Amino acid sequence: MDLATRLAELQKRTVEHREVLLTEEAAKTALVMPFIQALGYDVFNPSEVVPEYIADVGTKKGEKVDYAICGGGKVNVLIECKPSSVELNINHAGQLFRYFSVTSARLAILTNGVVYQFYSDIEVPNKMDDKPFFTFSMDAIKPTDVKTLENFAKASFDIEKIVKEAGNLKLQTVLRKELEREFAEPSDEFVKMMARRVYTGNVTAAIKDNTAKLLVSTIATMVRDMVTDRLSSALNASTPKPSEAAGEPAPTEEEIITTQEELSGFHIVQAIASKLVHPKRVVMRDQKSYCAVLLDDNNRKTIARLHFNAATAKYFGTFVEKDETRHLISDLTDIYQHAAKIEKRLKELEGAGTKAAKGAPVAEGA
């Protein structure tokens with residue numbers, strides 16, 4: 001079983017159980033240990049994975065880090081865990097900071113079993129950085145995350161290679177966020193730069209405003225065309241000709257393609273909803289222009305919508321009765337910021353269902 005498959009199975013477990021894993025020990029046992037196993041390490045081998053690792057630091061004696069992953073007789077990775085209900089911040093990494101400088105480890109992971117933050121000593125040797133060089137969420141795994149995590153697997157673990165690439169990965173993450181911000185809401189500097197390249201003469205306020213409006217749609221169209229070209233090439237390469245497929249027609253551009261981002265976004269909504277309803281009641285129904293998240297597979301019970309088809313800007317739609325409000329998101333994990341709206345919508349839908357069950361006739365097809 002490859003890493004991607006193991007992570008997919010763990011992602012399913014995370015979605016189903018994260019809301020009941022309220023303690024650190026529960027998160028460690030149900031989520032973190034399986035993650036370490038997914039990377040190929042034997043969690044029951046004390047020479048490979050050491051739980052409650054102790055390394056006395058100055059006057060502080062007996063402090064423990066939750067796990068230490070070892071290899072070649074030395075500590076390679078330190079892992080500190082928190083409950084899955086806790087939102088991670090740098091204040092949770094105190095023990096990792098202290099242990100990092102007194103062990104041979106050059107990698108540290110702070111996690112709540114759902115979000116994993118990877119740290120190293122990119123800025124100052126033997127001193128853990130304040131910011132992670134790589135972060136991923138177990139319920140919103142992207143294909144690029146799997147590729148990065150392969151470097152941390154036991155079979156391919158190379159500390160020098162990881163640390164060398166960590167700097168580029170950290171910079172790449174920052175650059176991506178900046179580009180996403182520019183593509184969604186172009187800055188004044190970016191607009192002026194592009195306007196000067198396409199207009200002769202002075203760039204007036206009117207020209208600048210028009211350029212700003214056109215930039216967003218132009219970038220979205222350009223990236224969408226690039227994605228379409230790649231998808232078309234992949235489909236043409238993998239789809240047999242009609243004569244080779246027992247007369248079945250080849251896929252057309254009108255067919256709906258559910259992306260990995262849509263699946264991950266759905267899993268996040270499902271995880272939030274599982275606090276109030278059984279996860280199996282929350283289903284996804286993809287459309288051409290958006291992806292709907294429904295209660296009981298009923299299109300009259302829309303919980304939320306994922307507007308991810310645009311190449312640059314992504315929107316998360318929440319509902320109050322029949323009215324939808326779209327929220328711009330820069331990262332899939334931003335959906336968690338709308339958890340209260342999702343829960344309120346579920347209570348609204350459940351309330352409506354209760355009223356219908358008490359006497360109001362339910363419309364046919366509901």
# chains A, B, ... in the order shown; residues from 1 in each chain; ligands from 1

call {"tool": "residues_around", "arguments": {"residues": "A:Asn299", "least_positions_apart": "4", "cutoff": "12 Å", "atoms": "only C-alpha atoms", "output": "list in words"}}
result
Val282, Val283, Met284, Arg285, Asp286, Gln287, Cys291, Ala292, Val293, Leu294, Leu295, Ile303, Ala304, Arg305, Lys322, Leu349, Gly365 and Ala366 of chain A

call {"tool": "select_by_dssp", "arguments": {"residues": "stretch 118-289 of chain A", "states": "alpha helix (DSSP H)", "output": "number ranges by chain"}}
result
A: 143-149, 159-184, 188-198, 205-238, 260-273

call {"tool": "residues_around", "arguments": {"residues": "A:Ser85", "least_positions_apart": "4", "cutoff": "12 Å", "atoms": "only C-alpha atoms", "output": "list in words"}}
result
Thr14, His17, Arg18, Glu19, Val20, Leu21, Leu22, Thr23, Glu24, Ala26, Ala27, Cys81, Thr111, Asn112, Gly113, Val114, Val115, Ala271, Ile272, Lys275 and Tyr336 of chain A

call {"tool": "residues_around", "arguments": {"residues": "A:Lys164", "least_positions_apart": "4", "cutoff": "12 Å", "atoms": "only C-alpha atoms", "output": "VMD selection string"}}
result
chain A and resid 106 to 107 120 to 123 133 151 158 to 160 168 to 170

call {"tool": "atom_distance", "arguments": {"atom1": "atom CA of A:Ile109", "atom2": "atom CA of A:Ala339"}}
result
25.9 Å

call {"tool": "residues_around", "arguments": {"residues": "A:Ser156", "least_positions_apart": "5", "cutoff": "10 Å", "atoms": "only C-alpha atoms", "output": "tab-separated table (two decimals) with all heavy atoms, in the first residue's frame"}}
result
chain	number	residue	atom	x	y	z
A	39	LEU	N	3.88	6.67	7.54
A	39	LEU	CA	5.19	7.05	7.01
A	39	LEU	C	6.17	5.88	7.02
A	39	LEU	O	7.32	6.04	6.58
A	39	LEU	CB	5.76	8.22	7.82
A	39	LEU	CG	5.01	9.56	7.69
A	39	LEU	CD1	5.66	10.60	8.60
A	39	LEU	CD2	4.99	10.06	6.25
A	40	GLY	N	5.73	4.74	7.54
A	40	GLY	CA	6.56	3.53	7.48
A	40	GLY	C	7.33	3.21	8.74
A	40	GLY	O	8.14	2.27	8.75
A	150	GLU	N	6.29	12.30	1.23
A	150	GLU	CA	7.11	11.14	0.83
A	150	GLU	C	8.56	11.30	1.29
A	150	GLU	O	9.25	10.32	1.56
A	150	GLU	CB	7.04	10.95	-0.68
A	150	GLU	CG	5.69	10.41	-1.17
A	150	GLU	CD	5.61	10.34	-2.68
A	150	GLU	OE1	6.50	10.89	-3.35
A	150	GLU	OE2	4.63	9.75	-3.19
A	151	ASN	N	9.03	12.55	1.39
A	151	ASN	CA	10.40	12.79	1.83
A	151	ASN	C	10.61	12.43	3.29
A	151	ASN	O	11.74	12.18	3.72
A	151	ASN	CB	10.77	14.27	1.63
A	151	ASN	CG	10.80	14.67	0.17
A	151	ASN	OD1	11.24	13.90	-0.68
A	151	ASN	ND2	10.30	15.86	-0.14

call {"tool": "select_by_dssp", "arguments": {"residues": "stretch 282-356 of chain A", "states": "strand (DSSP E or B)", "output": "JSON, numbers by chain"}}
result
{"A": [282, 283, 284, 285, 286, 291, 292, 293, 294, 295, 302, 303, 304, 305, 306, 307, 314, 315, 316, 317, 318, 319, 320, 323, 324, 325, 326, 327, 328, 329]}

call {"tool": "atom_distance", "arguments": {"atom1": "atom CA of A:Ala38", "atom2": "atom CA of A:Thr148"}}
result
13.8 Å

call {"tool": "closest_residue", "arguments": {"among": "A:Leu7, A:Ala310, A:Leu332, A:Leu110", "to": "A:Met128", "atoms": "only C-alpha atoms"}}
result
A:Leu110

call {"tool": "closest_residue", "arguments": {"among": "A:Val174, A:Val75, A:Val216, A:Ala166", "to": "A:Phe190", "atoms": "only C-alpha atoms"}}
result
A:Val216

call {"tool": "residues_around", "arguments": {"residues": "A:Ile141", "least_positions_apart": "2", "cutoff": "12 Å", "atoms": "only C-alpha atoms", "output": "NGL selection string"}}
result
:A and (4-5 or 7-12 or 14-15 or 114-116 or 135-139 or 143-149 or 259-268 or 331-333)

call {"tool": "atom_distance", "arguments": {"atom1": "atom CA of A:Val191", "atom2": "atom CA of A:Ala220"}}
result
15.4 Å

call {"tool": "closest_residue", "arguments": {"among": "A:Met222, A:Glu350, A:Thr173, A:Lys192", "to": "A:Lys208", "atoms": "only C-alpha atoms"}}
result
A:Lys192

call {"tool": "decode", "arguments": {"residues": "stretch 184-196 of chain A", "atoms": "all heavy atoms", "output": "compact mmCIF listing (two decimals), in the first residue's frame"}}
result
# COMPACT_ATOMS: atom_id res chain seq x y z
N ALA A 184 -6.48 37.27 -6.61
CA ALA A 184 -7.85 37.50 -6.15
C ALA A 184 -8.15 38.99 -6.00
O ALA A 184 -9.22 39.46 -6.39
CB ALA A 184 -8.10 36.78 -4.83
N GLU A 185 -7.19 39.73 -5.44
CA GLU A 185 -7.35 41.17 -5.21
C GLU A 185 -6.02 41.85 -5.54
O GLU A 185 -5.20 42.07 -4.64
CB GLU A 185 -7.77 41.44 -3.77
CG GLU A 185 -9.11 40.83 -3.39
CD GLU A 185 -9.46 41.07 -1.94
OE1 GLU A 185 -8.71 41.82 -1.27
OE2 GLU A 185 -10.47 40.52 -1.46
N PRO A 186 -5.78 42.18 -6.80
CA PRO A 186 -4.49 42.75 -7.22
C PRO A 186 -4.13 44.00 -6.42
O PRO A 186 -4.96 44.88 -6.21
CB PRO A 186 -4.73 43.08 -8.70
CG PRO A 186 -5.82 42.17 -9.13
CD PRO A 186 -6.70 42.03 -7.94
N SER A 187 -2.87 44.06 -5.98
CA SER A 187 -2.39 45.22 -5.24
C SER A 187 -2.17 46.40 -6.19
O SER A 187 -2.09 46.23 -7.41
CB SER A 187 -1.07 44.90 -4.53
OG SER A 187 -0.06 44.65 -5.48
N ASP A 188 -2.05 47.57 -5.62
CA ASP A 188 -1.86 48.79 -6.41
C ASP A 188 -0.56 48.70 -7.22
O ASP A 188 -0.51 49.09 -8.38
CB ASP A 188 -1.82 50.00 -5.48
CG ASP A 188 -1.98 51.31 -6.23
OD1 ASP A 188 -2.92 51.43 -7.03
OD2 ASP A 188 -1.13 52.20 -6.04
N GLU A 189 0.49 48.14 -6.59
CA GLU A 189 1.79 48.02 -7.27
C GLU A 189 1.71 47.09 -8.48
O GLU A 189 2.26 47.37 -9.55
CB GLU A 189 2.86 47.51 -6.29
CG GLU A 189 3.19 48.47 -5.16
CD GLU A 189 2.24 48.32 -3.99
OE1 GLU A 189 1.21 47.62 -4.14
OE2 GLU A 189 2.52 48.92 -2.93
N PHE A 190 1.01 45.97 -8.31
CA PHE A 190 0.87 44.99 -9.38
C PHE A 190 0.06 45.58 -10.55
O PHE A 190 0.41 45.41 -11.72
CB PHE A 190 0.21 43.72 -8.85
CG PHE A 190 0.12 42.61 -9.85
CD1 PHE A 190 1.23 42.18 -10.55
CD2 PHE A 190 -1.10 41.97 -10.10
CE1 PHE A 190 1.16 41.15 -11.48
CE2 PHE A 190 -1.19 40.94 -11.02
CZ PHE A 190 -0.06 40.52 -11.70
N VAL A 191 -1.02 46.27 -10.21
CA VAL A 191 -1.87 46.88 -11.24
C VAL A 191 -1.07 47.91 -12.04
O VAL A 191 -1.12 47.93 -13.28
CB VAL A 191 -3.10 47.55 -10.60
CG1 VAL A 191 -3.88 48.35 -11.66
CG2 VAL A 191 -4.01 46.50 -9.97
N LYS A 192 -0.31 48.76 -11.35
CA LYS A 192 0.50 49.78 -12.03
C LYS A 192 1.54 49.14 -12.94
O LYS A 192 1.76 49.58 -14.07
CB LYS A 192 1.19 50.67 -11.01
CG LYS A 192 0.26 51.64 -10.29
CD LYS A 192 1.04 52.49 -9.29
CE LYS A 192 0.13 53.48 -8.58
NZ LYS A 192 0.87 54.28 -7.57
N MET A 193 2.19 48.07 -12.45
CA MET A 193 3.22 47.41 -13.24
C MET A 193 2.63 46.83 -14.53
O MET A 193 3.19 47.02 -15.62
CB MET A 193 3.86 46.28 -12.42
CG MET A 193 4.95 45.52 -13.17
SD MET A 193 5.53 44.06 -12.29
CE MET A 193 4.12 42.96 -12.50
N MET A 194 1.49 46.17 -14.43
CA MET A 194 0.89 45.57 -15.61
C MET A 194 0.33 46.65 -16.55
O MET A 194 0.41 46.50 -17.77
CB MET A 194 -0.23 44.61 -15.19
CG MET A 194 0.26 43.41 -14.38
SD MET A 194 1.58 42.47 -15.21
CE MET A 194 0.71 41.88 -16.65
N ALA A 195 -0.23 47.72 -15.98
CA ALA A 195 -0.77 48.80 -16.82
C ALA A 195 0.33 49.45 -17.64
O ALA A 195 0.13 49.77 -18.83
CB ALA A 195 -1.47 49.83 -15.94
N ARG A 196 1.50 49.64 -17.05
CA ARG A 196 2.62 50.27 -17.77
C ARG A 196 3.10 49.40 -18.93
O ARG A 196 3.68 49.90 -19.89
CB ARG A 196 3.78 50.54 -16.81
CG ARG A 196 3.48 51.65 -15.79
CD ARG A 196 4.75 52.08 -15.07
NE ARG A 196 4.46 53.05 -14.02
CZ ARG A 196 4.46 52.76 -12.72
NH1 ARG A 196 4.73 51.53 -12.32
NH2 ARG A 196 4.18 53.69 -11.83
